[in-house]
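Student: Here you go, target25.cif (mmCIF, C-alpha atoms):
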```
data_structure
#
loop_
_atom_site.group_PDB
_atom_site.id
_atom_site.type_symbol
_atom_site.label_atom_id
_atom_site.label_comp_id
_atom_site.auth_asym_id
_atom_site.auth_seq_id
_atom_site.Cartn_x
_atom_site.Cartn_y
_atom_site.Cartn_z
ATOM 1 C CA MET A 1 -43.674 -52.127 16.330
ATOM 2 C CA PRO A 2 -44.033 -48.847 14.420
ATOM 3 C CA ASP A 3 -45.907 -48.948 11.179
ATOM 4 C CA THR A 4 -43.213 -48.544 8.560
ATOM 5 C CA GLY A 5 -45.739 -48.606 5.770
ATOM 6 C CA LYS A 6 -47.050 -45.165 6.558
ATOM 7 C CA SER A 7 -45.584 -42.383 4.463
ATOM 8 C CA ALA A 8 -43.465 -39.801 6.193
ATOM 9 C CA THR A 9 -45.237 -36.649 7.172
ATOM 10 C CA ILE A 10 -44.390 -33.774 4.835
ATOM 11 C CA THR A 11 -43.321 -30.727 6.796
ATOM 12 C CA THR A 12 -44.384 -27.453 5.248
ATOM 13 C CA VAL A 13 -42.175 -24.397 5.711
ATOM 14 C CA PRO A 14 -44.180 -21.413 6.889
ATOM 15 C CA PRO A 15 -43.933 -18.312 4.668
ATOM 16 C CA ILE A 16 -41.482 -15.608 5.652
ATOM 17 C CA SER A 17 -43.231 -12.868 7.535
ATOM 18 C CA LEU A 18 -43.652 -9.425 6.013
ATOM 19 C CA ARG A 19 -41.574 -7.838 8.774
ATOM 20 C CA ARG A 20 -38.590 -10.091 8.038
ATOM 21 C CA ARG A 21 -38.804 -9.423 4.295
ATOM 22 C CA VAL A 22 -38.962 -5.674 4.839
ATOM 23 C CA THR A 23 -36.025 -5.824 7.243
ATOM 24 C CA ASP A 24 -33.997 -7.888 4.761
ATOM 25 C CA HIS A 25 -34.610 -5.443 1.903
ATOM 26 C CA ALA A 26 -33.929 -2.460 4.151
ATOM 27 C CA MET A 27 -30.570 -3.840 5.337
ATOM 28 C CA THR A 28 -29.600 -4.720 1.755
ATOM 29 C CA ALA A 29 -30.401 -1.162 0.711
ATOM 30 C CA VAL A 30 -28.323 0.224 3.578
ATOM 31 C CA ALA A 31 -25.364 -1.981 2.586
ATOM 32 C CA VAL A 32 -25.608 -0.843 -1.053
ATOM 33 C CA LEU A 33 -25.860 2.775 0.105
ATOM 34 C CA THR A 34 -22.700 2.477 2.196
ATOM 35 C CA VAL A 35 -20.832 1.082 -0.820
ATOM 36 C CA ILE A 36 -22.009 4.045 -2.889
ATOM 37 C CA VAL A 37 -20.944 6.468 -0.146
ATOM 38 C CA VAL A 38 -17.464 4.951 -0.219
ATOM 39 C CA LEU A 39 -17.133 4.879 -4.017
ATOM 40 C CA VAL A 40 -18.597 8.295 -4.868
ATOM 41 C CA PRO A 41 -15.774 10.353 -3.277
ATOM 42 C CA LEU A 42 -13.175 8.143 -4.988
ATOM 43 C CA PHE A 43 -14.715 8.610 -8.436
ATOM 44 C CA ALA A 44 -15.337 12.301 -7.745
ATOM 45 C CA ILE A 45 -11.677 12.894 -6.877
ATOM 46 C CA PHE A 46 -10.466 10.956 -9.902
ATOM 47 C CA ALA A 47 -12.903 12.774 -12.209
ATOM 48 C CA TYR A 48 -11.852 16.172 -10.876
ATOM 49 C CA LEU A 49 -8.177 15.281 -11.334
ATOM 50 C CA LEU A 50 -8.941 14.277 -14.923
ATOM 51 C CA TYR A 51 -10.737 17.576 -15.481
ATOM 52 C CA ARG A 52 -7.955 19.739 -14.029
ATOM 53 C CA GLY A 53 -4.874 17.767 -15.014
ATOM 54 C CA MET A 54 -5.559 16.034 -18.312
ATOM 55 C CA GLY A 55 -5.048 19.182 -20.354
ATOM 56 C CA SER A 56 -1.481 19.652 -19.065
ATOM 57 C CA ILE A 57 -0.294 16.096 -19.704
ATOM 58 C CA ASN A 58 1.697 15.780 -22.898
ATOM 59 C CA TRP A 59 4.879 14.180 -24.146
ATOM 60 C CA ALA A 60 7.026 17.042 -22.835
ATOM 61 C CA PHE A 61 5.491 16.716 -19.371
ATOM 62 C CA LEU A 62 6.436 13.029 -19.238
ATOM 63 C CA THR A 63 9.932 13.344 -20.735
ATOM 64 C CA GLN A 64 11.362 16.740 -19.732
ATOM 65 C CA THR A 65 12.664 18.272 -16.521
ATOM 66 C CA PRO A 66 11.135 21.455 -15.049
ATOM 67 C CA LYS A 67 11.730 24.721 -16.864
ATOM 68 C CA PRO A 68 12.723 27.980 -15.103
ATOM 69 C CA VAL A 69 9.957 30.331 -13.961
ATOM 70 C CA GLY A 70 8.470 32.206 -16.908
ATOM 71 C CA GLU A 71 9.683 29.755 -19.533
ATOM 72 C CA PRO A 72 6.834 27.713 -21.011
ATOM 73 C CA GLY A 73 6.894 23.932 -21.246
ATOM 74 C CA GLY A 74 8.860 21.531 -19.129
ATOM 75 C CA GLY A 75 7.635 18.556 -17.196
ATOM 76 C CA MET A 76 8.130 16.228 -14.257
ATOM 77 C CA ALA A 77 10.021 13.338 -15.815
ATOM 78 C CA ASN A 78 12.785 13.577 -13.223
ATOM 79 C CA ALA A 79 10.198 13.550 -10.421
ATOM 80 C CA ILE A 80 8.437 10.485 -11.866
ATOM 81 C CA VAL A 81 11.716 8.573 -12.112
ATOM 82 C CA GLY A 82 12.816 9.885 -8.707
ATOM 83 C CA SER A 83 9.619 8.675 -7.045
ATOM 84 C CA ALA A 84 10.094 5.222 -8.557
ATOM 85 C CA PHE A 85 13.714 5.200 -7.364
ATOM 86 C CA ILE A 86 12.852 6.225 -3.796
ATOM 87 C CA LEU A 87 9.959 3.762 -3.601
ATOM 88 C CA ALA A 88 12.231 0.992 -4.878
ATOM 89 C CA LEU A 89 14.737 1.774 -2.116
ATOM 90 C CA ALA A 90 11.936 1.851 0.453
ATOM 91 C CA SER A 91 10.623 -1.516 -0.758
ATOM 92 C CA LEU A 92 14.083 -3.097 -0.687
ATOM 93 C CA ILE A 93 14.418 -2.027 2.950
ATOM 94 C CA GLY A 94 10.878 -2.299 4.263
ATOM 95 C CA VAL A 95 9.425 -5.392 2.589
ATOM 96 C CA PRO A 96 11.967 -7.983 3.845
ATOM 97 C CA ILE A 97 11.928 -6.535 7.357
ATOM 98 C CA GLY A 98 8.133 -6.294 7.467
ATOM 99 C CA VAL A 99 7.530 -9.784 6.093
ATOM 100 C CA GLY A 100 10.207 -11.255 8.358
ATOM 101 C CA ALA A 101 8.727 -9.582 11.426
ATOM 102 C CA GLY A 102 5.246 -10.765 10.449
ATOM 103 C CA ILE A 103 6.474 -14.340 10.060
ATOM 104 C CA TYR A 104 8.129 -14.223 13.474
ATOM 105 C CA VAL A 105 5.148 -12.859 15.404
ATOM 106 C CA ALA A 106 2.753 -15.268 13.660
ATOM 107 C CA GLU A 107 4.787 -18.456 13.943
ATOM 108 C CA PHE A 108 7.207 -17.912 16.827
ATOM 109 C CA GLY A 109 6.004 -14.803 18.651
ATOM 110 C CA ARG A 110 3.720 -16.232 21.312
ATOM 111 C CA ASN A 111 5.851 -14.588 23.976
ATOM 112 C CA ARG A 112 6.628 -11.205 25.493
ATOM 113 C CA PHE A 113 9.007 -10.259 22.695
ATOM 114 C CA GLY A 114 6.320 -10.973 20.108
ATOM 115 C CA ASP A 115 3.837 -8.840 22.055
ATOM 116 C CA THR A 116 6.389 -6.020 22.071
ATOM 117 C CA ILE A 117 6.737 -6.240 18.276
ATOM 118 C CA ARG A 118 2.973 -6.114 17.825
ATOM 119 C CA PHE A 119 2.627 -3.141 20.149
ATOM 120 C CA THR A 120 5.470 -1.307 18.392
ATOM 121 C CA ALA A 121 3.929 -1.940 14.973
ATOM 122 C CA ASP A 122 0.553 -0.639 16.139
ATOM 123 C CA VAL A 123 2.151 2.497 17.588
ATOM 124 C CA LEU A 124 4.195 3.122 14.417
ATOM 125 C CA ASN A 125 1.031 2.843 12.320
ATOM 126 C CA GLY A 126 -0.355 5.852 14.174
ATOM 127 C CA VAL A 127 2.768 8.031 14.174
ATOM 128 C CA PRO A 128 2.401 11.109 11.904
ATOM 129 C CA SER A 129 4.490 10.906 8.758
ATOM 130 C CA ILE A 130 6.224 14.198 9.473
ATOM 131 C CA VAL A 131 7.575 12.764 12.724
ATOM 132 C CA ILE A 132 8.996 9.787 10.834
ATOM 133 C CA GLY A 133 10.586 12.252 8.416
ATOM 134 C CA ILE A 134 12.283 14.045 11.305
ATOM 135 C CA VAL A 135 13.558 10.719 12.658
ATOM 136 C CA ALA A 136 14.962 9.766 9.252
ATOM 137 C CA TYR A 137 16.573 13.206 9.061
ATOM 138 C CA ALA A 138 18.261 12.617 12.411
ATOM 139 C CA ILE A 139 19.543 9.103 11.698
ATOM 140 C CA VAL A 140 20.452 9.441 7.994
ATOM 141 C CA VAL A 141 20.675 13.037 6.797
ATOM 142 C CA LEU A 142 22.694 14.310 9.747
ATOM 143 C CA TYR A 143 24.998 11.303 9.469
ATOM 144 C CA GLN A 144 25.523 11.845 5.731
ATOM 145 C CA ARG A 145 25.571 15.644 6.155
ATOM 146 C CA HIS A 146 23.325 16.086 3.113
ATOM 147 C CA PHE A 147 19.886 15.111 1.793
ATOM 148 C CA SER A 148 19.597 11.971 -0.302
ATOM 149 C CA ALA A 149 17.290 9.470 -1.959
ATOM 150 C CA LEU A 150 18.485 6.888 0.577
ATOM 151 C CA ALA A 151 17.197 9.017 3.441
ATOM 152 C CA GLY A 152 13.826 9.268 1.695
ATOM 153 C CA GLY A 153 13.776 5.515 1.166
ATOM 154 C CA VAL A 154 14.535 4.914 4.851
ATOM 155 C CA ALA A 155 11.719 7.247 5.918
ATOM 156 C CA LEU A 156 9.183 5.533 3.663
ATOM 157 C CA ALA A 157 10.446 2.080 4.676
ATOM 158 C CA ILE A 158 9.819 2.917 8.343
ATOM 159 C CA MET A 159 6.236 3.714 7.403
ATOM 160 C CA MET A 160 5.828 0.516 5.375
ATOM 161 C CA ILE A 161 7.176 -1.924 7.963
ATOM 162 C CA PRO A 162 4.340 -1.846 10.563
ATOM 163 C CA THR A 163 1.604 -2.247 7.946
ATOM 164 C CA ILE A 164 3.382 -5.158 6.272
ATOM 165 C CA THR A 165 4.161 -6.765 9.627
ATOM 166 C CA ARG A 166 0.594 -6.782 10.875
ATOM 167 C CA THR A 167 -0.986 -7.859 7.570
ATOM 168 C CA THR A 168 1.571 -10.649 7.153
ATOM 169 C CA GLU A 169 0.832 -11.889 10.654
ATOM 170 C CA ASP A 170 -2.918 -11.874 10.028
ATOM 171 C CA MET A 171 -2.574 -13.714 6.717
ATOM 172 C CA LEU A 172 -0.317 -16.414 8.180
ATOM 173 C CA LEU A 173 -2.697 -16.965 11.087
ATOM 174 C CA LEU A 174 -5.479 -17.666 8.568
ATOM 175 C CA VAL A 175 -3.575 -20.665 7.183
ATOM 176 C CA PRO A 176 -5.111 -23.844 8.687
ATOM 177 C CA GLN A 177 -3.078 -25.490 11.419
ATOM 178 C CA SER A 178 -3.637 -28.844 9.699
ATOM 179 C CA LEU A 179 -1.186 -27.810 6.950
ATOM 180 C CA ARG A 180 1.538 -27.282 9.520
ATOM 181 C CA GLU A 181 0.773 -30.571 11.263
ATOM 182 C CA ALA A 182 0.826 -32.475 7.967
ATOM 183 C CA ALA A 183 4.242 -31.011 7.156
ATOM 184 C CA TYR A 184 5.573 -31.877 10.610
ATOM 185 C CA GLY A 185 4.241 -35.402 10.182
ATOM 186 C CA LEU A 186 6.304 -35.736 6.996
ATOM 187 C CA GLY A 187 9.421 -34.727 8.903
ATOM 188 C CA ILE A 188 9.764 -31.251 7.356
ATOM 189 C CA PRO A 189 11.588 -28.823 9.680
ATOM 190 C CA ARG A 190 9.594 -25.965 11.154
ATOM 191 C CA TRP A 191 11.507 -23.240 9.319
ATOM 192 C CA ARG A 192 11.009 -24.996 5.989
ATOM 193 C CA THR A 193 7.328 -25.531 6.745
ATOM 194 C CA THR A 194 6.917 -21.828 7.487
ATOM 195 C CA LEU A 195 8.675 -20.626 4.348
ATOM 196 C CA SER A 196 7.650 -23.252 1.791
ATOM 197 C CA ILE A 197 4.121 -24.120 2.908
ATOM 198 C CA VAL A 198 2.595 -21.567 5.276
ATOM 199 C CA LEU A 199 4.018 -18.481 3.596
ATOM 200 C CA ARG A 200 3.266 -19.905 0.151
ATOM 201 C CA ALA A 201 -0.351 -20.494 1.122
ATOM 202 C CA ALA A 202 -0.669 -16.901 2.361
ATOM 203 C CA THR A 203 1.190 -15.292 -0.562
ATOM 204 C CA SER A 204 -1.839 -13.511 -2.002
ATOM 205 C CA GLY A 205 -2.728 -11.860 1.303
ATOM 206 C CA VAL A 206 0.883 -10.954 2.075
ATOM 207 C CA ILE A 207 1.318 -9.280 -1.312
ATOM 208 C CA THR A 208 -1.941 -7.409 -0.792
ATOM 209 C CA GLY A 209 -0.568 -6.058 2.490
ATOM 210 C CA ILE A 210 2.658 -5.015 0.766
ATOM 211 C CA MET A 211 0.706 -3.137 -1.892
ATOM 212 C CA LEU A 212 -1.417 -1.417 0.754
ATOM 213 C CA ALA A 213 1.763 -0.207 2.433
ATOM 214 C CA PHE A 214 3.205 0.808 -0.948
ATOM 215 C CA ALA A 215 0.097 2.800 -1.861
ATOM 216 C CA ARG A 216 0.122 4.507 1.518
ATOM 217 C CA VAL A 217 3.680 5.823 1.253
ATOM 218 C CA ALA A 218 3.703 6.544 -2.503
ATOM 219 C CA GLY A 219 1.969 9.885 -2.026
ATOM 220 C CA GLU A 220 3.720 11.003 1.165
ATOM 221 C CA THR A 221 5.291 14.450 1.035
ATOM 222 C CA ALA A 222 6.218 15.386 4.616
ATOM 223 C CA PRO A 223 8.920 12.700 5.141
ATOM 224 C CA LEU A 224 10.562 13.592 1.814
ATOM 225 C CA LEU A 225 10.787 17.272 2.739
ATOM 226 C CA PHE A 226 13.281 16.310 5.447
ATOM 227 C CA THR A 227 15.102 13.598 3.529
ATOM 228 C CA ALA A 228 15.060 13.544 -0.298
ATOM 229 C CA PHE A 229 14.512 17.346 -0.385
ATOM 230 C CA GLY A 230 13.969 17.501 -4.160
ATOM 231 C CA ASN A 231 16.032 18.189 -7.258
ATOM 232 C CA GLN A 232 15.359 20.096 -10.480
ATOM 233 C CA PHE A 233 17.562 17.744 -12.479
ATOM 234 C CA TRP A 234 17.983 14.026 -13.131
ATOM 235 C CA ASN A 235 19.447 11.921 -10.357
ATOM 236 C CA LEU A 236 19.756 8.178 -9.821
ATOM 237 C CA LYS A 237 22.393 8.285 -7.097
ATOM 238 C CA ALA A 238 21.225 7.092 -3.707
ATOM 239 C CA ASN A 239 23.407 9.587 -1.831
ATOM 240 C CA GLN A 240 22.172 12.729 -3.621
ATOM 241 C CA PRO A 241 18.990 14.863 -3.298
ATOM 242 C CA THR A 242 16.307 13.475 -5.567
ATOM 243 C CA ALA A 243 13.084 14.792 -7.055
ATOM 244 C CA ALA A 244 9.811 13.063 -6.247
ATOM 245 C CA LEU A 245 6.290 13.586 -7.557
ATOM 246 C CA PRO A 246 4.744 14.475 -4.160
ATOM 247 C CA LEU A 247 7.497 17.035 -3.532
ATOM 248 C CA GLN A 248 7.159 18.552 -6.987
ATOM 249 C CA ILE A 249 3.377 18.735 -6.671
ATOM 250 C CA PHE A 250 3.704 20.423 -3.269
ATOM 251 C CA ASN A 251 6.216 22.996 -4.506
ATOM 252 C CA TYR A 252 4.165 23.811 -7.587
ATOM 253 C CA ALA A 253 0.876 23.970 -5.693
ATOM 254 C CA ILE A 254 2.110 26.612 -3.213
ATOM 255 C CA SER A 255 3.723 28.721 -5.938
ATOM 256 C CA PRO A 256 2.033 31.900 -7.294
ATOM 257 C CA TYR A 257 2.353 30.807 -10.944
ATOM 258 C CA ASP A 258 -0.657 29.548 -12.902
ATOM 259 C CA GLU A 259 1.479 27.370 -15.178
ATOM 260 C CA TRP A 260 2.944 25.571 -12.168
ATOM 261 C CA HIS A 261 -0.554 25.123 -10.741
ATOM 262 C CA ARG A 262 -1.631 23.400 -13.953
ATOM 263 C CA GLN A 263 1.406 21.150 -13.827
ATOM 264 C CA ALA A 264 0.672 20.348 -10.161
ATOM 265 C CA TRP A 265 -2.773 19.061 -11.171
ATOM 266 C CA ALA A 266 -1.202 17.021 -13.958
ATOM 267 C CA GLY A 267 1.382 15.599 -11.559
ATOM 268 C CA ALA A 268 -1.344 14.629 -9.088
ATOM 269 C CA LEU A 269 -3.191 12.799 -11.861
ATOM 270 C CA VAL A 270 -0.044 10.964 -12.942
ATOM 271 C CA LEU A 271 0.698 9.977 -9.341
ATOM 272 C CA ILE A 272 -2.781 8.523 -8.831
ATOM 273 C CA VAL A 273 -2.640 6.655 -12.137
ATOM 274 C CA LEU A 274 0.777 5.179 -11.336
ATOM 275 C CA ILE A 275 -0.339 3.996 -7.891
ATOM 276 C CA VAL A 276 -3.570 2.451 -9.192
ATOM 277 C CA SER A 277 -1.721 0.811 -12.088
ATOM 278 C CA ALA A 278 0.946 -0.691 -9.818
ATOM 279 C CA VAL A 279 -1.610 -2.094 -7.377
ATOM 280 C CA ALA A 280 -3.822 -3.421 -10.185
ATOM 281 C CA ALA A 281 -0.860 -5.070 -11.938
ATOM 282 C CA VAL A 282 0.226 -6.889 -8.797
ATOM 283 C CA ARG A 283 -3.319 -7.989 -8.005
ATOM 284 C CA PHE A 284 -3.700 -9.297 -11.564
ATOM 285 C CA ALA A 285 -0.416 -11.211 -11.275
ATOM 286 C CA VAL A 286 -1.524 -12.716 -7.958
ATOM 287 C CA ARG A 287 -4.851 -13.853 -9.370
ATOM 288 C CA ARG A 288 -3.191 -15.384 -12.418
ATOM 289 C CA GLY A 289 -0.874 -17.333 -10.129
ATOM 290 C CA THR A 290 2.372 -15.635 -11.133
ATOM 291 C CA PHE A 291 3.219 -15.268 -7.454
ATOM 292 C CA GLY A 292 2.973 -18.161 -5.102
ATOM 293 C CA ALA A 293 2.464 -20.773 -7.753
ATOM 294 C CA ALA A 294 2.944 -24.300 -6.539
#
```
When written as structure tokens, how does the structure in this file appear?
Tutor:
Amino acid sequence: MPDTGKSATITTVPPISLRRRVTDHAMTAVAVLTVIVVLVPLFAIFAYLLYRGMGSINWAFLTQTPKPVGEPGGGMANAIVGSAFILALASLIGVPIGVGAGIYVAEFGRNRFGDTIRFTADVLNGVPSIVIGIVAYAIVVLYQRHFSALAGGVALAIMMIPTITRTTEDMLLLVPQSLREAAYGLGIPRWRTTLSIVLRAATSGVITGIMLAFARVAGETAPLLFTAFGNQFWNLKANQPTAALPLQIFNYAISPYDEWHRQAWAGALVLIVLIVSAVAAVRFAVRRGTFGAA
């Protein structure tokens, strides 16, 4: 019989060796350094845009259309509104298709057709934007026989779809299988389980993927050169050429006029601020539970 009266032996933990402590601190320093390397260019770009563009931003810049060459003043109000219009069209086209494709490949795509969708999305992610602009020109502009905001929206939607598809798939696959099995055990149909439970659980990640795609296409210029083309006046008609901030910045930047160069810097600053604000607003809404609330 073992002697139960004896006290248990206290096990002492040996001290961590000097080599392991040095390695731990060194790896932590390397990780912090990599974060700094990533953040410094971002802050440097934003600071330089503030330096070059802040002086040209005023009420006229935000509310007026461009002035003729040699006439002082004017702004990019039509380009700001045009960019929002084109991006709204792109989102209306690309988000439902991208989310739907992501749901299919995650929940029902364990077959050859699903593999084809994944491969196509990966290939589209690597296609240069100018090539997508040429494709949109061929399938929309030539059919309409003129440039239009719709053609620009189609081009940007084509670029958004693969990113949204793959991120949606990844987010849905992170949802525990036990949630699906519990829903099936309650007699809930598979389609309802996917939409009401699985997709709801992955809402935050899906919206993050949508905003990544949105931020990627918001500053694209090459596809819009072949599709939206640009406009010096106001336009909110989907079948007419439309101004956009990236187009206006490009045209002003390659011009020989100093005033247009200053406005190009201001437009670049406004574009960055609008993108960051849109992404931050959606992320804030997701964290507060506005989206995907039970």
Student: Given only C-alpha atoms as the basis, pick out the residue of A:Gly230, A:Gly55, A:Gly209, A:Gly185 nearest to A:Ile161.
Tutor: A:Gly209
Student: Rounded to one decimal, what separation in Å do you get between atom CA of A:Ser277 and atom CA of A:Leu92?
Tutor: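 Computing the Euclidean distance for atom CA of A:Ser277 and atom CA of A:Leu92 yields 19.9 Å.
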Student: Compute the distance from (0.5, 2.7, 1.1) to each atom, counting only C-alpha atoms, keep the residues with any atom at most 12 Å away, and return them as an mmCIF file with C-alpha atoms, in the frame of the given file; use the coordinates of the file.
Tutor:
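Ended up saving to out24.cif:
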```cif
data_model
loop_
_atom_site.group_PDB
_atom_site.id
_atom_site.type_symbol
_atom_site.label_atom_id
_atom_site.label_comp_id
_atom_site.auth_asym_id
_atom_site.auth_seq_id
_atom_site.Cartn_x
_atom_site.Cartn_y
_atom_site.Cartn_z
ATOM 1 C CA LEU A 87 9.959 3.762 -3.601
ATOM 2 C CA ALA A 90 11.936 1.851 0.453
ATOM 3 C CA SER A 91 10.623 -1.516 -0.758
ATOM 4 C CA GLY A 94 10.878 -2.299 4.263
ATOM 5 C CA ASN A 125 1.031 2.843 12.320
ATOM 6 C CA SER A 129 4.490 10.906 8.758
ATOM 7 C CA LEU A 156 9.183 5.533 3.663
ATOM 8 C CA ALA A 157 10.446 2.080 4.676
ATOM 9 C CA ILE A 158 9.819 2.917 8.343
ATOM 10 C CA MET A 159 6.236 3.714 7.403
ATOM 11 C CA MET A 160 5.828 0.516 5.375
ATOM 12 C CA ILE A 161 7.176 -1.924 7.963
ATOM 13 C CA PRO A 162 4.340 -1.846 10.563
ATOM 14 C CA THR A 163 1.604 -2.247 7.946
ATOM 15 C CA ILE A 164 3.382 -5.158 6.272
ATOM 16 C CA THR A 208 -1.941 -7.409 -0.792
ATOM 17 C CA GLY A 209 -0.568 -6.058 2.490
ATOM 18 C CA ILE A 210 2.658 -5.015 0.766
ATOM 19 C CA MET A 211 0.706 -3.137 -1.892
ATOM 20 C CA LEU A 212 -1.417 -1.417 0.754
ATOM 21 C CA ALA A 213 1.763 -0.207 2.433
ATOM 22 C CA PHE A 214 3.205 0.808 -0.948
ATOM 23 C CA ALA A 215 0.097 2.800 -1.861
ATOM 24 C CA ARG A 216 0.122 4.507 1.518
ATOM 25 C CA VAL A 217 3.680 5.823 1.253
ATOM 26 C CA ALA A 218 3.703 6.544 -2.503
ATOM 27 C CA GLY A 219 1.969 9.885 -2.026
ATOM 28 C CA GLU A 220 3.720 11.003 1.165
ATOM 29 C CA ILE A 272 -2.781 8.523 -8.831
ATOM 30 C CA ILE A 275 -0.339 3.996 -7.891
ATOM 31 C CA VAL A 276 -3.570 2.451 -9.192
ATOM 32 C CA ALA A 278 0.946 -0.691 -9.818
ATOM 33 C CA VAL A 279 -1.610 -2.094 -7.377
#
```
Student: So what do you get for atom CA of A:Phe113 versus atom CA of A:Val99, distance-wise?
Tutor: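 Here the two named atoms are 16.7 Å from each other.
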Student: Report, in Å with one decimal, the straight-line distance from atom CA of A:Ile197 to atom CA of A:Glu107.
Tutor: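 Distance between the two atoms: 12.4 Å.
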